[in-house]
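*Asks:* Structure incoming, see below.
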Amino acid sequence: MSTKDDEEQLLRSVAEQNAQSIQLARRRAEEALRKQSDWLRVTLTSIGDAVISTDVEGRVTFMNRVAESLTGWTEGEALGRSLTDIFQIINEQSRKPVENPALRALTVGTIVGLANHTILIAKDGTEWPIDDSAAPIRSEQGEVLGAVLVFRDISQRKRMELERERLLATAQAAQKEAERANRLKDEFLATASHELRTPLTAVVGWSRMLRTGKLDAENSARALEAIERNATLQTKLIDDLLDVSRIITGKLTLDRRAIEIAHVVSDAVNTVRPAADAKNIA
């Protein structure tokens, strides 16, 4: 065999070895990529949040079980479909469609989060309050390959917020009621003090007039009558105060009967008469 033939054989041998090495390296890279992909799938399947990934055209390439549960779509049904078919969202208040965050992430190339009050409408029409975020998937060279969408059901959080608002409203109402009760108590004490003072004023007034010794027999009798009447009224007022306690404990018994209004007016006039007479008021 010539030297030229030997060189050609050597070159072929080297080329075959290089091809085998390249093929082996490719298989190793493909195996590593497959393992990494399997690891990523297992990870995304295991996390508690819902995850959907898409290609650069916004078609679904992966869904975990949480995403299946919330959207009502199985991964098999969703693969290859547009994300807008699978992930339909509206604003809770306006009921208008909301821009899909994953598609927005594909467009702007950055992480995108939804505003509050977003509702996910499942395949069967069930509505889920959610919050979420999306981010572009990039290659090592920075090329956008797709997007990943992560979202979660916040129904429990919404219920807690509503319960907190209800408790706050209840507490505020209780505070207002307590303030109102305090005002009523102050008004009651002011009224009670006035009512208790009125008959005492008549008693003191008539008593002073009697001590002067200047009253004739008729006016002295009127003074004693007024003192007795106002003392009786004082006793009645105290009984009325005790009735408040009976009302609170549910032990009050009402004695309803007709009265002669002229007597009430006469008693009122006689109550203020000493003070009026002292000022020469008829």
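Ligands are numbered from 1 in the order shown, residues from 1 within each chain, and chains are lettered A, B, ... in the order they appear in the structure tokens.
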If you take only C-alpha atoms and a cut-off of 12 Å, which residues of stretch 209-238 of chain A touch stretch 190-195 of chain A, and what are their nearest atom pairs and distances in Å to one decimal, in chain and number order, as CSV?

*Replies:*
residue,atom,partner,partner_atom,distance
A:Asn230,CA,A:Glu195,CA,11.2
A:Leu233,CA,A:Glu195,CA,9.7
A:Gln234,CA,A:Glu195,CA,8.6
A:Thr235,CA,A:Glu195,CA,11.5
A:Lys236,CA,A:Glu195,CA,10.8
A:Leu237,CA,A:Glu195,CA,7.5
A:Ile238,CA,A:Ala192,CA,9.3

*Asks:* Hey, what's within 10 Å of stretch 143-156 of chain A if we count only C-alpha atoms and toss same-chain stuff fewer than 3 positions away? As a PDB file with N, CA and C atoms, in the first residue's frame, please?

*Replies:*
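Saved to out04.pdb:
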ATOM      1  N   LEU A  44     -42.651  21.618  37.878  1.00  0.00           N
ATOM      2  CA  LEU A  44     -43.829  22.434  37.610  1.00  0.00           C
ATOM      3  C   LEU A  44     -45.110  21.683  37.916  1.00  0.00           C
ATOM      4  N   GLY A  48     -47.543  24.153  44.010  1.00  0.00           N
ATOM      5  CA  GLY A  48     -48.937  24.406  44.374  1.00  0.00           C
ATOM      6  C   GLY A  48     -49.656  25.401  43.488  1.00  0.00           C
ATOM      7  N   ASP A  49     -48.913  26.217  42.718  1.00  0.00           N
ATOM      8  CA  ASP A  49     -49.541  27.181  41.822  1.00  0.00           C
ATOM      9  C   ASP A  49     -49.836  26.537  40.473  1.00  0.00           C
ATOM     10  N   ALA A  50     -50.776  27.135  39.758  1.00  0.00           N
ATOM     11  CA  ALA A  50     -51.077  26.679  38.406  1.00  0.00           C
ATOM     12  C   ALA A  50     -50.028  27.233  37.446  1.00  0.00           C
ATOM     13  N   VAL A  51     -49.583  26.379  36.507  1.00  0.00           N
ATOM     14  CA  VAL A  51     -48.540  26.784  35.558  1.00  0.00           C
ATOM     15  C   VAL A  51     -48.967  26.381  34.148  1.00  0.00           C
ATOM     16  N   ILE A  52     -48.850  27.324  33.223  1.00  0.00           N
ATOM     17  CA  ILE A  52     -49.063  27.055  31.799  1.00  0.00           C
ATOM     18  C   ILE A  52     -47.892  27.664  31.049  1.00  0.00           C
ATOM     19  N   SER A  53     -47.298  26.892  30.118  1.00  0.00           N
ATOM     20  CA  SER A  53     -46.246  27.446  29.275  1.00  0.00           C
ATOM     21  C   SER A  53     -46.716  27.437  27.829  1.00  0.00           C
ATOM     22  N   THR A  54     -46.162  28.350  27.033  1.00  0.00           N
ATOM     23  CA  THR A  54     -46.535  28.469  25.625  1.00  0.00           C
ATOM     24  C   THR A  54     -45.283  28.563  24.760  1.00  0.00           C
ATOM     25  N   ASP A  55     -45.488  28.370  23.467  1.00  0.00           N
ATOM     26  CA  ASP A  55     -44.397  28.652  22.537  1.00  0.00           C
ATOM     27  C   ASP A  55     -44.431  30.128  22.175  1.00  0.00           C
ATOM     28  N   VAL A  56     -43.586  30.523  21.247  1.00  0.00           N
ATOM     29  CA  VAL A  56     -43.486  31.931  20.910  1.00  0.00           C
ATOM     30  C   VAL A  56     -44.748  32.453  20.223  1.00  0.00           C
ATOM     31  N   GLU A  57     -45.578  31.544  19.707  1.00  0.00           N
ATOM     32  CA  GLU A  57     -46.827  31.940  19.069  1.00  0.00           C
ATOM     33  C   GLU A  57     -47.990  31.989  20.055  1.00  0.00           C
ATOM     34  N   GLY A  58     -47.734  31.694  21.321  1.00  0.00           N
ATOM     35  CA  GLY A  58     -48.792  31.724  22.329  1.00  0.00           C
ATOM     36  C   GLY A  58     -49.628  30.471  22.365  1.00  0.00           C
ATOM     37  N   ARG A  59     -49.098  29.355  21.821  1.00  0.00           N
ATOM     38  CA  ARG A  59     -49.807  28.070  21.867  1.00  0.00           C
ATOM     39  C   ARG A  59     -49.337  27.280  23.081  1.00  0.00           C
ATOM     40  N   VAL A  60     -50.265  26.600  23.726  1.00  0.00           N
ATOM     41  CA  VAL A  60     -49.961  25.888  24.967  1.00  0.00           C
ATOM     42  C   VAL A  60     -49.020  24.722  24.697  1.00  0.00           C
ATOM     43  N   THR A  61     -47.962  24.641  25.510  1.00  0.00           N
ATOM     44  CA  THR A  61     -47.007  23.533  25.417  1.00  0.00           C
ATOM     45  C   THR A  61     -46.962  22.704  26.696  1.00  0.00           C
ATOM     46  N   PHE A  62     -47.506  23.251  27.782  1.00  0.00           N
ATOM     47  CA  PHE A  62     -47.492  22.515  29.057  1.00  0.00           C
ATOM     48  C   PHE A  62     -48.543  23.081  29.995  1.00  0.00           C
ATOM     49  N   MET A  63     -49.180  22.205  30.779  1.00  0.00           N
ATOM     50  CA  MET A  63     -50.088  22.598  31.870  1.00  0.00           C
ATOM     51  C   MET A  63     -49.881  21.633  33.021  1.00  0.00           C
ATOM     52  N   VAL A  66     -52.723  21.675  38.625  1.00  0.00           N
ATOM     53  CA  VAL A  66     -53.449  22.784  39.248  1.00  0.00           C
ATOM     54  C   VAL A  66     -54.084  23.648  38.163  1.00  0.00           C
ATOM     55  N   ALA A  67     -53.330  23.879  37.087  1.00  0.00           N
ATOM     56  CA  ALA A  67     -53.875  24.658  35.969  1.00  0.00           C
ATOM     57  C   ALA A  67     -55.058  23.923  35.331  1.00  0.00           C
ATOM     58  N   LEU A  70     -58.133  24.476  37.588  1.00  0.00           N
ATOM     59  CA  LEU A  70     -58.730  25.804  37.580  1.00  0.00           C
ATOM     60  C   LEU A  70     -59.348  26.163  36.229  1.00  0.00           C
ATOM     61  N   LEU A  83     -53.458  30.126  23.866  1.00  0.00           N
ATOM     62  CA  LEU A  83     -53.645  30.345  25.303  1.00  0.00           C
ATOM     63  C   LEU A  83     -54.930  31.114  25.591  1.00  0.00           C
ATOM     64  N   PHE A  87     -57.135  30.181  28.782  1.00  0.00           N
ATOM     65  CA  PHE A  87     -57.005  31.090  29.922  1.00  0.00           C
ATOM     66  C   PHE A  87     -57.799  32.357  29.623  1.00  0.00           C
ATOM     67  N   ASN A 100     -54.217  39.181  28.238  1.00  0.00           N
ATOM     68  CA  ASN A 100     -53.538  37.990  28.742  1.00  0.00           C
ATOM     69  C   ASN A 100     -52.093  38.325  29.098  1.00  0.00           C
ATOM     70  N   PRO A 101     -51.668  38.087  30.333  1.00  0.00           N
ATOM     71  CA  PRO A 101     -50.319  38.492  30.759  1.00  0.00           C
ATOM     72  C   PRO A 101     -49.209  37.728  30.046  1.00  0.00           C
ATOM     73  N   ALA A 102     -49.447  36.455  29.697  1.00  0.00           N
ATOM     74  CA  ALA A 102     -48.403  35.689  29.016  1.00  0.00           C
ATOM     75  C   ALA A 102     -48.163  36.249  27.621  1.00  0.00           C
ATOM     76  N   LEU A 103     -49.244  36.583  26.922  1.00  0.00           N
ATOM     77  CA  LEU A 103     -49.090  37.163  25.590  1.00  0.00           C
ATOM     78  C   LEU A 103     -48.443  38.540  25.686  1.00  0.00           C
ATOM     79  N   ARG A 104     -48.763  39.258  26.746  1.00  0.00           N
ATOM     80  CA  ARG A 104     -48.122  40.550  26.970  1.00  0.00           C
ATOM     81  C   ARG A 104     -46.628  40.379  27.224  1.00  0.00           C
ATOM     82  N   ALA A 105     -46.267  39.326  27.974  1.00  0.00           N
ATOM     83  CA  ALA A 105     -44.852  39.056  28.253  1.00  0.00           C
ATOM     84  C   ALA A 105     -44.108  38.712  26.972  1.00  0.00           C
ATOM     85  N   LEU A 106     -44.772  38.001  26.066  1.00  0.00           N
ATOM     86  CA  LEU A 106     -44.153  37.689  24.773  1.00  0.00           C
ATOM     87  C   LEU A 106     -43.899  38.965  23.972  1.00  0.00           C
ATOM     88  N   THR A 107     -44.823  39.907  24.085  1.00  0.00           N
ATOM     89  CA  THR A 107     -44.715  41.139  23.302  1.00  0.00           C
ATOM     90  C   THR A 107     -43.637  42.066  23.847  1.00  0.00           C
ATOM     91  N   GLY A 109     -41.410  41.288  26.353  1.00  0.00           N
ATOM     92  CA  GLY A 109     -40.178  40.615  26.739  1.00  0.00           C
ATOM     93  C   GLY A 109     -39.791  40.778  28.186  1.00  0.00           C
ATOM     94  N   THR A 110     -40.739  41.137  29.049  1.00  0.00           N
ATOM     95  CA  THR A 110     -40.459  41.304  30.477  1.00  0.00           C
ATOM     96  C   THR A 110     -41.551  40.616  31.297  1.00  0.00           C
ATOM     97  N   ILE A 111     -41.321  40.537  32.604  1.00  0.00           N
ATOM     98  CA  ILE A 111     -42.302  39.942  33.509  1.00  0.00           C
ATOM     99  C   ILE A 111     -43.530  40.847  33.591  1.00  0.00           C
ATOM    100  N   VAL A 112     -44.708  40.252  33.540  1.00  0.00           N
ATOM    101  CA  VAL A 112     -45.961  40.998  33.581  1.00  0.00           C
ATOM    102  C   VAL A 112     -46.858  40.390  34.655  1.00  0.00           C
ATOM    103  N   GLY A 113     -47.473  41.258  35.476  1.00  0.00           N
ATOM    104  CA  GLY A 113     -48.405  40.797  36.506  1.00  0.00           C
ATOM    105  C   GLY A 113     -49.774  41.405  36.287  1.00  0.00           C
ATOM    106  N   LEU A 114     -50.803  40.670  36.658  1.00  0.00           N
ATOM    107  CA  LEU A 114     -52.171  41.175  36.530  1.00  0.00           C
ATOM    108  C   LEU A 114     -52.501  42.117  37.677  1.00  0.00           C
ATOM    109  N   ILE A 119     -60.742  37.810  37.281  1.00  0.00           N
ATOM    110  CA  ILE A 119     -61.519  36.584  37.375  1.00  0.00           C
ATOM    111  C   ILE A 119     -61.152  35.666  36.211  1.00  0.00           C
ATOM    112  N   LEU A 120     -60.844  34.411  36.525  1.00  0.00           N
ATOM    113  CA  LEU A 120     -60.612  33.386  35.512  1.00  0.00           C
ATOM    114  C   LEU A 120     -61.918  32.636  35.282  1.00  0.00           C
ATOM    115  N   GLU A 127     -66.168  30.592  37.919  1.00  0.00           N
ATOM    116  CA  GLU A 127     -65.324  31.771  38.029  1.00  0.00           C
ATOM    117  C   GLU A 127     -64.409  31.659  39.246  1.00  0.00           C
ATOM    118  N   TRP A 128     -63.133  31.942  39.019  1.00  0.00           N
ATOM    119  CA  TRP A 128     -62.130  31.882  40.076  1.00  0.00           C
ATOM    120  C   TRP A 128     -61.435  33.234  40.193  1.00  0.00           C
ATOM    121  N   PRO A 129     -61.456  33.860  41.368  1.00  0.00           N
ATOM    122  CA  PRO A 129     -60.622  35.055  41.561  1.00  0.00           C
ATOM    123  C   PRO A 129     -59.154  34.627  41.631  1.00  0.00           C
ATOM    124  N   ILE A 130     -58.307  35.280  40.864  1.00  0.00           N
ATOM    125  CA  ILE A 130     -56.903  34.862  40.800  1.00  0.00           C
ATOM    126  C   ILE A 130     -55.981  36.073  40.857  1.00  0.00           C
ATOM    127  N   ASP A 131     -54.719  35.799  41.168  1.00  0.00           N
ATOM    128  CA  ASP A 131     -53.655  36.732  40.849  1.00  0.00           C
ATOM    129  C   ASP A 131     -52.570  35.930  40.136  1.00  0.00           C
ATOM    130  N   ASP A 132     -51.775  36.577  39.338  1.00  0.00           N
ATOM    131  CA  ASP A 132     -50.820  35.826  38.535  1.00  0.00           C
ATOM    132  C   ASP A 132     -49.687  36.714  38.044  1.00  0.00           C
ATOM    133  N   SER A 133     -48.751  36.072  37.371  1.00  0.00           N
ATOM    134  CA  SER A 133     -47.667  36.777  36.690  1.00  0.00           C
ATOM    135  C   SER A 133     -47.200  35.894  35.539  1.00  0.00           C
ATOM    136  N   ALA A 134     -46.582  36.509  34.555  1.00  0.00           N
ATOM    137  CA  ALA A 134     -46.065  35.779  33.399  1.00  0.00           C
ATOM    138  C   ALA A 134     -44.693  36.329  33.050  1.00  0.00           C
ATOM    139  N   ALA A 135     -43.876  35.476  32.454  1.00  0.00           N
ATOM    140  CA  ALA A 135     -42.525  35.885  32.079  1.00  0.00           C
ATOM    141  C   ALA A 135     -42.146  35.200  30.780  1.00  0.00           C
ATOM    142  N   PRO A 136     -41.317  35.849  29.964  1.00  0.00           N
ATOM    143  CA  PRO A 136     -40.851  35.214  28.726  1.00  0.00           C
ATOM    144  C   PRO A 136     -39.850  34.095  29.031  1.00  0.00           C
ATOM    145  N   ILE A 137     -39.856  33.062  28.206  1.00  0.00           N
ATOM    146  CA  ILE A 137     -38.856  31.989  28.277  1.00  0.00           C
ATOM    147  C   ILE A 137     -37.790  32.296  27.227  1.00  0.00           C
ATOM    148  N   ARG A 138     -36.539  32.380  27.641  1.00  0.00           N
ATOM    149  CA  ARG A 138     -35.452  32.758  26.729  1.00  0.00           C
ATOM    150  C   ARG A 138     -34.418  31.641  26.612  1.00  0.00           C
ATOM    151  N   SER A 139     -33.787  31.589  25.449  1.00  0.00           N
ATOM    152  CA  SER A 139     -32.671  30.672  25.240  1.00  0.00           C
ATOM    153  C   SER A 139     -31.410  31.265  25.862  1.00  0.00           C
ATOM    154  N   GLU A 140     -30.308  30.499  25.830  1.00  0.00           N
ATOM    155  CA  GLU A 140     -29.051  31.013  26.370  1.00  0.00           C
ATOM    156  C   GLU A 140     -28.581  32.246  25.617  1.00  0.00           C
ATOM    157  N   ARG A 159     -62.285  35.654  50.691  1.00  0.00           N
ATOM    158  CA  ARG A 159     -63.229  35.429  51.796  1.00  0.00           C
ATOM    159  C   ARG A 159     -62.710  36.035  53.087  1.00  0.00           C
ATOM    160  N   MET A 160     -61.406  35.897  53.328  1.00  0.00           N
ATOM    161  CA  MET A 160     -60.812  36.474  54.532  1.00  0.00           C
ATOM    162  C   MET A 160     -60.896  37.994  54.499  1.00  0.00           C
ATOM    163  N   GLU A 161     -60.673  38.572  53.311  1.00  0.00           N
ATOM    164  CA  GLU A 161     -60.779  40.024  53.195  1.00  0.00           C
ATOM    165  C   GLU A 161     -62.201  40.491  53.457  1.00  0.00           C
ATOM    166  N   LEU A 162     -63.179  39.754  52.907  1.00  0.00           N
ATOM    167  CA  LEU A 162     -64.581  40.107  53.130  1.00  0.00           C
ATOM    168  C   LEU A 162     -64.950  39.957  54.602  1.00  0.00           C
TER     169      LEU A 162
END

*Asks:* Kindly give the distance, in Å, that separates atom CA of A:Ala278 and atom CA of A:Gly205, rounded to a single decimal.

*Replies:* 8.8 Å

*Asks:* Step one, run DSSP on the backbone; step two, keep only residues of stretch 44-262 of chain A assigned to strand (DSSP E or B); then write them as a ChimeraX atom specification.

*Replies:* /A:50-55,59-63,82,88-91,97,112-113,118-121,127-138,144-153

*Asks:* What parts of stretch 91-214 of chain A does DSSP call helix (DSSP H, G or I)? I'd like the answer as an MDAnalysis selection string.

*Replies:* chainID A and resid 101:108 155:212

*Asks:* Report, in Å with one decimal, the straight-line distance from atom CA of A:Leu79 to atom CA of A:Ala122.

*Replies:*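 Pair atom CA of A:Leu79 / atom CA of A:Ala122 returns 16.4 Å.
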
*Asks:* Using only C-alpha atoms, which protein or nucleic acid residues come within 12 Å of stretch 208-215 of chain A? Drop anything in the same chain fewer than 4 positions from it, and give the result as a ChimeraX atom specification.

*Replies:* /A:201-204,219-227,273-275,277-278
